[in-house]
>>> print(open('data.cif').read())   # mmCIF, C-alpha atoms
data_model
#
loop_
_atom_site.label_atom_id
_atom_site.label_comp_id
_atom_site.auth_asym_id
_atom_site.auth_seq_id
_atom_site.Cartn_x
_atom_site.Cartn_y
_atom_site.Cartn_z
CA MET A 1 138.46 167.50 121.98
CA SER A 2 136.05 167.75 119.06
CA ASP A 3 136.94 169.96 116.11
CA LYS A 4 134.11 172.41 116.63
CA PRO A 5 132.45 173.49 119.89
CA ILE A 6 128.88 172.33 120.51
CA TYR A 7 127.08 175.02 122.47
CA VAL A 8 123.99 174.51 124.58
CA THR A 9 121.94 176.51 122.09
CA GLU A 10 122.18 178.40 118.84
CA PRO A 11 119.74 180.85 117.24
CA PHE A 12 117.78 179.73 114.22
CA LEU A 13 118.57 182.00 111.26
CA PRO A 14 116.67 181.62 107.98
CA PRO A 15 118.47 182.38 104.70
CA LEU A 16 119.56 186.01 104.69
CA GLU A 17 118.19 186.60 101.20
CA GLU A 18 114.70 185.81 102.48
CA PHE A 19 114.96 188.66 105.01
CA ILE A 20 115.99 191.29 102.47
CA PRO A 21 112.44 191.94 101.10
CA TYR A 22 111.22 192.67 104.64
CA LEU A 23 114.04 195.19 105.11
CA GLU A 24 113.23 196.80 101.77
CA ASP A 25 109.63 197.30 102.93
CA ILE A 26 110.86 198.96 106.14
CA TRP A 27 113.25 201.23 104.18
CA SER A 28 110.35 202.17 101.93
CA SER A 29 107.99 202.95 104.81
CA LYS A 30 110.68 204.80 106.83
CA GLN A 31 108.93 203.63 109.99
CA LEU A 32 111.36 201.86 112.29
CA THR A 33 109.29 201.65 115.49
CA ASN A 34 106.11 202.90 117.21
CA ASN A 35 103.68 200.17 116.13
CA GLY A 36 104.47 200.17 112.44
CA PRO A 37 103.04 197.80 109.82
CA MET A 38 105.44 194.93 110.62
CA HIS A 39 104.54 195.20 114.29
CA GLU A 40 100.83 195.11 113.53
CA LYS A 41 101.19 192.14 111.17
CA LEU A 42 103.21 190.15 113.70
CA GLU A 43 100.71 190.73 116.50
CA GLN A 44 97.89 189.50 114.28
CA ALA A 45 99.88 186.51 113.02
CA LEU A 46 100.90 185.45 116.54
CA CYS A 47 97.35 185.74 117.87
CA GLU A 48 96.26 183.36 115.13
CA TYR A 49 99.16 180.94 115.47
CA LEU A 50 99.12 180.79 119.28
CA ASP A 51 95.32 180.88 119.52
CA VAL A 52 95.27 183.76 122.00
CA PRO A 53 92.82 186.68 122.15
CA GLU A 54 95.24 189.60 122.49
CA ILE A 55 99.01 190.01 122.34
CA ALA A 56 101.21 193.07 122.98
CA LEU A 57 104.74 192.90 121.58
CA PHE A 58 107.75 194.06 123.61
CA ASN A 59 111.45 194.73 123.08
CA ASN A 60 112.33 191.83 125.40
CA GLY A 61 110.78 189.32 127.79
CA MET A 62 111.99 191.10 130.92
CA SER A 63 110.19 194.30 129.93
CA ALA A 64 107.06 192.24 129.31
CA LEU A 65 107.25 190.64 132.74
CA VAL A 66 107.86 193.95 134.53
CA THR A 67 104.92 195.53 132.70
CA SER A 68 102.63 192.56 133.44
CA LEU A 69 102.94 193.28 137.16
CA GLN A 70 102.35 196.99 136.59
CA ALA A 71 99.32 196.37 134.40
CA LEU A 72 97.61 194.44 137.20
CA ASN A 73 98.68 197.02 139.81
CA ILE A 74 100.22 194.34 142.02
CA LYS A 75 101.47 195.44 145.48
CA GLY A 76 102.90 193.66 148.49
CA GLU A 77 103.92 189.99 148.28
CA VAL A 78 104.02 187.66 145.28
CA ILE A 79 104.37 183.89 145.64
CA THR A 80 106.84 182.47 143.15
CA THR A 81 109.48 179.82 142.52
CA PRO A 82 113.22 180.02 143.21
CA PHE A 83 113.90 177.58 140.33
CA SER A 84 113.95 179.87 137.32
CA PHE A 85 116.08 182.38 135.47
CA ILE A 86 116.84 185.43 137.60
CA ALA A 87 114.60 187.69 135.47
CA THR A 88 111.50 186.13 137.07
CA THR A 89 112.29 187.59 140.48
CA HIS A 90 114.10 190.70 139.25
CA ALA A 91 110.77 191.74 137.69
CA LEU A 92 109.29 191.71 141.20
CA LEU A 93 112.13 193.83 142.58
CA TRP A 94 111.72 196.35 139.76
CA ASN A 95 108.12 196.80 140.96
CA ASN A 96 109.07 197.03 144.66
CA LEU A 97 107.34 193.70 145.33
CA THR A 98 108.38 191.08 147.86
CA PRO A 99 109.05 187.57 146.51
CA VAL A 100 107.84 184.63 148.60
CA PHE A 101 109.51 181.41 147.51
CA VAL A 102 107.75 178.05 147.60
CA ASP A 103 109.02 174.67 146.48
CA ILE A 104 108.67 172.96 143.12
CA ASP A 105 107.12 169.68 142.06
CA PRO A 106 110.21 167.54 141.34
CA SER A 107 108.48 165.76 138.45
CA SER A 108 107.77 168.95 136.48
CA PHE A 109 110.22 171.52 137.97
CA ASN A 110 107.22 173.89 138.24
CA ILE A 111 105.83 175.56 141.33
CA ASP A 112 104.03 173.02 143.53
CA PRO A 113 100.41 174.14 144.03
CA SER A 114 100.19 172.16 147.29
CA LYS A 115 102.82 174.52 148.78
CA ILE A 116 101.18 177.77 147.77
CA GLU A 117 98.31 178.12 150.21
CA SER A 118 100.45 177.92 153.35
CA ALA A 119 102.57 180.81 152.02
CA ILE A 120 99.62 183.17 151.57
CA THR A 121 99.45 186.12 154.00
CA SER A 122 97.37 189.27 154.26
CA LYS A 123 99.98 190.96 152.03
CA THR A 124 99.82 188.41 149.20
CA GLU A 125 98.38 189.79 145.96
CA ALA A 126 99.56 187.44 143.23
CA ILE A 127 101.13 184.18 142.15
CA LEU A 128 103.96 184.35 139.61
CA ALA A 129 104.44 180.83 138.22
CA VAL A 130 106.88 179.60 135.55
CA HIS A 131 106.23 177.00 132.84
CA CYS A 132 109.75 175.64 133.35
CA TYR A 133 111.45 174.15 130.26
CA GLY A 134 108.13 174.46 128.42
CA VAL A 135 106.37 171.98 130.73
CA PRO A 136 102.94 173.44 131.59
CA CYS A 137 102.16 174.28 135.20
CA ASN A 138 99.17 172.74 136.94
CA THR A 139 97.12 175.75 135.90
CA THR A 140 93.84 174.34 137.18
CA ALA A 141 95.13 173.91 140.73
CA ILE A 142 96.85 177.31 140.72
CA GLN A 143 93.71 179.09 139.49
CA LYS A 144 91.57 177.35 142.11
CA ILE A 145 93.83 178.69 144.87
CA ALA A 146 93.90 182.15 143.32
CA ASP A 147 90.10 182.29 143.05
CA LYS A 148 89.70 181.14 146.65
CA HIS A 149 91.99 183.88 147.99
CA GLY A 150 91.32 186.66 145.49
CA LEU A 151 94.80 186.60 143.96
CA LYS A 152 96.02 187.50 140.48
CA VAL A 153 97.96 184.91 138.45
CA ILE A 154 100.80 185.83 136.11
CA TYR A 155 102.71 183.20 134.18
CA ASP A 156 106.33 183.63 133.24
CA ALA A 157 105.91 181.81 129.94
CA ALA A 158 109.37 182.58 128.58
CA HIS A 159 109.82 178.90 127.68
CA ALA A 160 106.22 178.18 126.68
CA PHE A 161 105.85 179.20 123.03
CA GLY A 162 103.19 176.96 121.49
CA VAL A 163 102.65 174.88 124.64
CA GLN A 164 99.20 173.32 125.08
CA ASP A 165 97.42 171.73 128.01
CA SER A 166 93.97 170.16 128.26
CA ALA A 167 92.35 173.61 127.96
CA GLY A 168 94.34 174.68 124.90
CA SER A 169 97.16 177.21 124.81
CA VAL A 170 98.72 177.65 128.26
CA LEU A 171 99.32 181.27 127.30
CA LYS A 172 95.60 181.91 127.89
CA GLN A 173 95.79 180.76 131.51
CA GLY A 174 95.85 183.13 134.48
CA ASP A 175 95.40 186.88 134.16
CA LEU A 176 98.46 187.50 132.00
CA SER A 177 101.32 185.54 130.45
CA ALA A 178 104.70 187.04 129.59
CA ILE A 179 106.74 185.32 126.88
CA SER A 180 110.28 185.76 125.56
CA PHE A 181 111.39 185.95 121.93
CA HIS A 182 115.08 186.06 122.82
CA ALA A 183 117.53 184.93 120.15
CA THR A 184 117.86 181.41 121.57
CA LYS A 185 114.18 180.71 122.16
CA ILE A 186 112.07 178.44 119.93
CA PHE A 187 110.61 181.52 118.23
CA ASN A 188 112.87 184.55 118.16
CA THR A 189 112.74 188.13 116.92
CA PHE A 190 116.48 188.68 117.52
CA GLU A 191 115.42 190.08 120.91
CA GLY A 192 111.81 190.51 121.98
CA GLY A 193 108.88 189.42 124.06
CA ALA A 194 105.14 189.78 124.52
CA ILE A 195 102.27 189.87 126.98
CA ILE A 196 99.21 187.76 126.30
CA CYS A 197 96.01 189.16 127.77
CA LYS A 198 92.29 188.48 127.48
CA ASP A 199 90.71 191.75 126.34
CA LYS A 200 91.35 194.97 124.44
CA LYS A 201 90.98 197.17 127.53
CA THR A 202 93.87 195.40 129.25
CA LYS A 203 95.94 195.52 126.07
CA LEU A 204 95.36 199.27 125.80
CA LYS A 205 96.77 199.76 129.29
CA ILE A 206 99.73 197.50 128.49
CA ASN A 207 100.42 199.46 125.31
CA GLN A 208 100.38 202.71 127.27
CA LEU A 209 102.75 201.29 129.90
CA LYS A 210 105.25 200.15 127.25
CA ASN A 211 105.15 203.64 125.65
CA PHE A 212 106.12 205.87 128.60
CA GLY A 213 102.57 205.80 129.99
CA ILE A 214 101.34 208.07 127.22
CA THR A 215 97.55 208.04 126.82
CA ASN A 216 97.40 210.70 124.09
CA GLU A 217 99.49 213.65 122.97
CA ASN A 218 98.29 215.70 125.94
CA THR A 219 98.09 213.09 128.69
CA ILE A 220 100.57 210.82 130.48
CA SER A 221 98.67 208.59 132.88
CA HIS A 222 101.27 205.99 133.97
CA ALA A 223 104.96 205.86 134.86
CA GLY A 224 105.67 203.66 131.86
CA GLN A 225 108.84 202.61 130.11
CA ASN A 226 110.02 202.30 126.52
CA GLY A 227 109.28 198.64 125.84
CA LYS A 228 108.31 198.80 122.18
CA MET A 229 109.47 196.23 119.62
CA SER A 230 111.22 197.67 116.57
CA GLU A 231 110.00 197.10 113.02
CA ILE A 232 113.16 195.14 112.17
CA CYS A 233 112.60 192.72 115.04
CA ALA A 234 108.92 192.37 114.13
CA ALA A 235 109.83 191.70 110.49
CA PHE A 236 112.27 189.00 111.55
CA GLY A 237 109.48 187.47 113.63
CA LEU A 238 107.21 187.35 110.60
CA LEU A 239 109.89 185.51 108.65
CA GLN A 240 110.57 183.16 111.57
CA LEU A 241 106.89 182.30 111.77
CA THR A 242 107.04 180.95 108.21
CA LYS A 243 109.73 178.52 109.43
CA ILE A 244 108.13 177.49 112.71
CA ASP A 245 107.07 173.99 111.59
CA HIS A 246 110.64 173.23 110.53
CA ILE A 247 111.98 174.64 113.81
CA LEU A 248 109.61 172.55 115.93
CA ASN A 249 110.15 169.37 113.93
CA SER A 250 113.93 169.74 114.07
CA ARG A 251 113.89 170.28 117.83
CA ARG A 252 111.61 167.27 118.24
CA GLU A 253 114.06 165.10 116.32
CA VAL A 254 116.96 166.22 118.52
CA TYR A 255 114.88 165.61 121.64
CA GLN A 256 113.87 162.12 120.52
CA THR A 257 117.46 161.22 119.59
CA TYR A 258 118.57 162.09 123.11
CA VAL A 259 115.80 159.94 124.57
CA GLU A 260 116.68 157.04 122.27
CA HIS A 261 120.33 157.03 123.33
CA LEU A 262 120.03 158.00 127.02
CA LYS A 263 116.89 156.15 128.16
CA ASP A 264 118.70 153.08 129.51
CA ILE A 265 121.50 154.83 131.41
CA VAL A 266 121.31 154.14 135.13
CA GLY A 267 121.86 157.26 137.21
CA ILE A 268 120.27 159.90 135.02
CA LYS A 269 116.64 160.86 134.83
CA LEU A 270 115.22 162.17 131.58
CA PRO A 271 112.76 165.07 131.25
CA SER A 272 109.00 165.02 130.95
CA ASN A 273 107.68 164.47 127.42
CA LYS A 274 105.02 167.15 127.99
CA THR A 275 107.11 169.91 126.51
CA ASN A 276 107.77 171.97 123.39
CA ASN A 277 111.37 170.68 123.17
CA SER A 278 112.80 174.05 124.16
CA TYR A 279 115.28 172.42 126.56
CA PHE A 280 116.64 168.97 127.28
CA PRO A 281 117.31 168.81 131.04
CA ILE A 282 118.66 165.64 132.64
CA ILE A 283 118.96 164.94 136.35
CA VAL A 284 122.26 163.45 137.48
CA GLU A 285 121.15 161.25 140.35
CA LYS A 286 123.01 160.49 143.59
CA GLN A 287 124.10 156.99 142.54
CA CYS A 288 126.19 158.37 139.68
CA LYS A 289 129.93 158.06 140.12
CA ILE A 290 130.35 161.73 139.22
CA THR A 291 128.34 164.81 140.16
CA ARG A 292 126.40 167.12 137.87
CA ASP A 293 129.16 169.73 138.17
CA GLU A 294 131.82 167.18 137.29
CA LEU A 295 129.84 166.01 134.25
CA HIS A 296 129.45 169.64 133.18
CA GLU A 297 133.22 170.19 133.38
CA LYS A 298 134.14 166.87 131.72
CA LEU A 299 131.87 167.61 128.77
CA LYS A 300 133.36 171.09 128.50
CA GLU A 301 136.81 169.47 128.13
CA LYS A 302 135.37 167.73 125.06
CA ASN A 303 134.11 171.06 123.66
CA ILE A 304 130.50 170.27 124.61
CA PHE A 305 128.98 173.20 126.48
CA THR A 306 126.01 172.41 128.72
CA ARG A 307 124.26 174.72 131.20
CA LYS A 308 123.41 174.26 134.85
CA TYR A 309 119.89 175.64 134.50
CA PHE A 310 119.07 176.78 137.15
CA SER A 311 122.03 177.12 139.44
CA PRO A 312 122.33 178.88 141.75
CA LEU A 313 118.78 179.03 143.00
CA ILE A 314 117.38 182.55 142.86
CA SER A 315 116.96 182.39 146.63
CA ASP A 316 120.73 181.82 146.95
CA CYS A 317 121.60 184.97 145.03
CA GLU A 318 122.82 187.80 147.24
CA LEU A 319 119.82 190.02 146.49
CA TYR A 320 117.43 187.38 147.84
CA THR A 321 119.24 185.47 150.61
CA HIS A 322 117.39 187.49 153.27
CA ILE A 323 114.10 185.85 152.20
CA GLN A 324 113.45 182.76 154.31
CA SER A 325 112.29 179.70 152.37
CA GLU A 326 112.18 175.92 152.63
CA THR A 327 112.53 174.53 149.11
CA PRO A 328 114.30 171.13 149.28
CA HIS A 329 113.08 169.91 145.87
CA ALA A 330 114.20 173.13 144.17
CA ARG A 331 117.57 172.88 145.94
CA SER A 332 118.02 169.28 144.82
CA ALA A 333 117.12 170.14 141.23
CA SER A 334 119.49 173.09 141.23
CA ALA A 335 122.34 170.76 142.25
CA ARG A 336 121.50 167.98 139.77
CA VAL A 337 119.93 169.36 136.58
CA LEU A 338 122.06 169.74 133.48
CA CYS A 339 120.63 171.09 130.21
CA LEU A 340 122.12 169.46 127.12
CA PRO A 341 122.57 171.20 123.75
CA ILE A 342 119.37 171.46 121.72
CA TYR A 343 118.60 173.61 118.68
CA PRO A 344 117.22 173.03 115.18
CA ASN A 345 120.56 172.76 113.36
CA LEU A 346 122.20 170.41 115.87
CA ALA A 347 123.30 167.46 113.72
CA ARG A 348 122.12 163.98 114.76
CA GLU A 349 125.72 162.71 114.79
CA ASN A 350 126.60 165.40 117.33
CA VAL A 351 123.67 164.40 119.54
CA VAL A 352 124.85 160.78 119.37
CA LYS A 353 128.40 161.94 120.19
CA ILE A 354 127.15 163.84 123.26
CA CYS A 355 125.24 160.77 124.44
CA HIS A 356 128.31 158.57 123.89
CA HIS A 357 130.46 160.83 126.05
CA ILE A 358 127.80 160.92 128.79
CA LYS A 359 127.68 157.09 128.80
CA GLU A 360 131.48 156.94 129.08
CA LEU A 361 131.59 159.43 131.94
CA LEU A 362 128.74 157.90 133.94
#
>>> encode(input="data.cif", output="structure tokens")
Amino acid sequence: MSDKPIYVTEPFLPPLEEFIPYLEDIWSSKQLTNNGPMHEKLEQALCEYLDVPEIALFNNGMSALVTSLQALNIKGEVITTPFSFIATTHALLWNNLTPVFVDIDPSSFNIDPSKIESAITSKTEAILAVHCYGVPCNTTAIQKIADKHGLKVIYDAAHAFGVQDSAGSVLKQGDLSAISFHATKIFNTFEGGAIICKDKKTKLKINQLKNFGITNENTISHAGQNGKMSEICAAFGLLQLTKIDHILNSRREVYQTYVEHLKDIVGIKLPSNKTNNSYFPIIVEKQCKITRDELHEKLKEKNIFTRKYFSPLISDCELYTHIQSETPHARSASARVLCLPIYPNLARENVVKICHHIKELL
């Protein structure tokens, strides 16, 4: 076993002394929440960095996703993917919506647009797609289907910080995008999230929904929640944003080191290069002498902790097994994908060590 565990991820933390001035400003202002100056500065800074028109900060990505569905007043059925983190579909359940699962494109792990249209019924109101591992969905094809059938499009963009496609930021696609700033994401605010929308009117409604539905001191117009980001989290986000180039470059180096050392191994398939390096998923193919689960356990014995993202499929979780679906590509991916450790401070020698062990085991 190695001397020190290598975990699948680790939060990026800038020098503590650099955070102290932000805390001193908060102590001076005595405003800890409710859209304070740090909150306002971070929204403005993220709009500029991400090249999006409007952004509403949240206390976490799940709250953002739940509120996205409320903001668009979605009812009935929502077409989505079973290959994602459970929060994607839990957000539907929290809004009393019915998930309809369709298969993924095995080359991208994203929802397959060619499977969507046959799943549309008279009860369908929206498509909830996921930019899985930071790989952009086929947004053009999805929007074409949505326009044809009068559907809303929401993107679970938890993995998609800074991701671009041919039209620019993928966060501008669809009606709304919900993003996560969880501690282990590329950009983190300790815990947090956001909704990206296209206009101030929509943002106003989102802001009301994340603040108990309060319109003004005399009026409550929605059954909202408390989804506000604190000033301390917003301040940490402002500091993180000053480090984002370093974070992205470091992740890119880790990603490229994996590719360099794993590209010639028969039996594993490497991920798409159209990504923001938020994850490094490999597919353990059928011809391998060991299974994905066996590789996962063998690496754990060497103090290397990988994750079987995403296993089980959401549709195999007890809450959702009653929903009929045919998703063979998603099922295959769920049985074969293994996400390797990737984070900015992962030393190159540890990446090489991980690759060496994988070569030995396969």
>>> resolve_selection(input="data.cif", expression="the PyMOL selection byres ((chain A and resi 141) around 12)", output="MDAnalysis selection string")
chainID A and resid 111:117 127 129 137:140 142:148 153 173:174
>>> resolve_selection(input="data.cif", expression="the PyMOL selection byres ((chain A and resi 84-95) around 7)", output="list in words")
Met62, Leu65, Val66, Thr81, Pro82, Phe83, Asn96, Leu97, Thr98, Pro99, Asp156, Phe310 and Ile314 of chain A
>>> closest_residue(input="data.cif", among="A:Asn249, A:Asn303, A:Thr67, A:Asn207", to="Asn350 in chain A", atoms="all atoms listed in the file")
A:Asn303
>>> closest_residue(input="data.cif", among="A:Thr189, A:Ser122, A:Ser221, A:Thr33", to="Ala235 in chain A", atoms="all atoms listed in the file")
A:Thr189
>>> resolve_selection(input="data.cif", expression="the PyMOL selection byres ((chain A and resi 288-301) around 12)", output="VMD selection string")
chain A and resid 1 to 2 4 to 8 265 to 269 281 to 287 302 to 309 311 to 312 332 to 341 353 to 362
>>> closest_residue(input="data.cif", among="A:Lys243, A:Lys172, A:Lys152, A:Lys30", to="Leu13 in chain A", atoms="all atoms listed in the file")
A:Lys243
>>> residues_near_point(input="data.cif", point="(101.4, 199.5, 130.9)", cutoff="12 Å", atoms="only C-alpha atoms", output="ChimeraX atom specification")
/A:56-58,63-73,195,201-215,220-228
>>> write_last_selection(input="data.cif", atoms="C-alpha atoms", output="CSV table (one decimal), keeping the file's coordinate frame")
chain,number,residue,atom,x,y,z
A,56,ALA,CA,101.2,193.1,123.0
A,57,LEU,CA,104.7,192.9,121.6
A,58,PHE,CA,107.8,194.1,123.6
A,63,SER,CA,110.2,194.3,129.9
A,64,ALA,CA,107.1,192.2,129.3
A,65,LEU,CA,107.2,190.6,132.7
A,66,VAL,CA,107.9,194.0,134.5
A,67,THR,CA,104.9,195.5,132.7
A,68,SER,CA,102.6,192.6,133.4
A,69,LEU,CA,102.9,193.3,137.2
A,70,GLN,CA,102.4,197.0,136.6
A,71,ALA,CA,99.3,196.4,134.4
A,72,LEU,CA,97.6,194.4,137.2
A,73,ASN,CA,98.7,197.0,139.8
A,195,ILE,CA,102.3,189.9,127.0
A,201,LYS,CA,91.0,197.2,127.5
A,202,THR,CA,93.9,195.4,129.2
A,203,LYS,CA,95.9,195.5,126.1
A,204,LEU,CA,95.4,199.3,125.8
A,205,LYS,CA,96.8,199.8,129.3
A,206,ILE,CA,99.7,197.5,128.5
A,207,ASN,CA,100.4,199.5,125.3
A,208,GLN,CA,100.4,202.7,127.3
A,209,LEU,CA,102.8,201.3,129.9
A,210,LYS,CA,105.2,200.2,127.2
A,211,ASN,CA,105.2,203.6,125.6
A,212,PHE,CA,106.1,205.9,128.6
A,213,GLY,CA,102.6,205.8,130.0
A,214,ILE,CA,101.3,208.1,127.2
A,215,THR,CA,97.6,208.0,126.8
A,220,ILE,CA,100.6,210.8,130.5
A,221,SER,CA,98.7,208.6,132.9
A,222,HIS,CA,101.3,206.0,134.0
A,223,ALA,CA,105.0,205.9,134.9
A,224,GLY,CA,105.7,203.7,131.9
A,225,GLN,CA,108.8,202.6,130.1
A,226,ASN,CA,110.0,202.3,126.5
A,227,GLY,CA,109.3,198.6,125.8
A,228,LYS,CA,108.3,198.8,122.2
>>> atom_distance(input="data.cif", atom1="CA of Thr275 in chain A", atom2="CA of Leu151 in chain A")
27.1 Å
>>> closest_residue(input="data.cif", among="A:Leu238, A:Leu248, A:Leu313, A:Ile55", to="Asp199 in chain A", atoms="only C-alpha atoms")
A:Ile55
>>> atom_distance(input="data.cif", atom1="CA of Arg251 in chain A", atom2="CA of Leu270 in chain A")
16.0 Å
>>> closest_residue(input="data.cif", among="A:Pro328, A:Gly237, A:Gly192, A:Gly150", to="Glu125 in chain A", atoms="all atoms listed in the file")
A:Gly150
>>> atom_distance(input="data.cif", atom1="CA of Ala126 in chain A", atom2="CA of Thr80 in chain A")
8.8 Å
>>> closest_residue(input="data.cif", among="A:Ser180, A:Thr121, A:Thr9, A:Ser107", to="Tyr343 in chain A", atoms="only C-alpha atoms")
A:Thr9
>>> residues_around(input="data.cif", residues="Glu18 in chain A", least_positions_apart="4", cutoff="10 Å", atoms="only C-alpha atoms", output="PyMOL selection string")
chain A and resi 14+22-23+236+239
>>> residues_around(input="data.cif", residues="Leu32 in chain A", least_positions_apart="4", cutoff="12 Å", atoms="all atoms listed in the file", output="list in words")
Tyr22, Leu23, Glu24, Asp25, Ile26, Trp27, Ser28, Gly36, Pro37, Met38, His39, Lys228, Met229, Ser230, Glu231, Ile232, Cys233, Ala234 and Ala235 of chain A
>>> write_last_selection(input="data.cif", atoms="C-alpha atoms", output="PDB file, keeping the file's coordinate frame")
ATOM      1  CA  TYR A  22     111.220 192.670 104.640  1.00  0.00           C
ATOM      2  CA  LEU A  23     114.040 195.190 105.110  1.00  0.00           C
ATOM      3  CA  GLU A  24     113.230 196.800 101.770  1.00  0.00           C
ATOM      4  CA  ASP A  25     109.630 197.300 102.930  1.00  0.00           C
ATOM      5  CA  ILE A  26     110.860 198.960 106.140  1.00  0.00           C
ATOM      6  CA  TRP A  27     113.250 201.230 104.180  1.00  0.00           C
ATOM      7  CA  SER A  28     110.350 202.170 101.930  1.00  0.00           C
ATOM      8  CA  GLY A  36     104.470 200.170 112.440  1.00  0.00           C
ATOM      9  CA  PRO A  37     103.040 197.800 109.820  1.00  0.00           C
ATOM     10  CA  MET A  38     105.440 194.930 110.620  1.00  0.00           C
ATOM     11  CA  HIS A  39     104.540 195.200 114.290  1.00  0.00           C
ATOM     12  CA  LYS A 228     108.310 198.800 122.180  1.00  0.00           C
ATOM     13  CA  MET A 229     109.470 196.230 119.620  1.00  0.00           C
ATOM     14  CA  SER A 230     111.220 197.670 116.570  1.00  0.00           C
ATOM     15  CA  GLU A 231     110.000 197.100 113.020  1.00  0.00           C
ATOM     16  CA  ILE A 232     113.160 195.140 112.170  1.00  0.00           C
ATOM     17  CA  CYS A 233     112.600 192.720 115.040  1.00  0.00           C
ATOM     18  CA  ALA A 234     108.920 192.370 114.130  1.00  0.00           C
ATOM     19  CA  ALA A 235     109.830 191.700 110.490  1.00  0.00           C
TER      20      ALA A 235
END
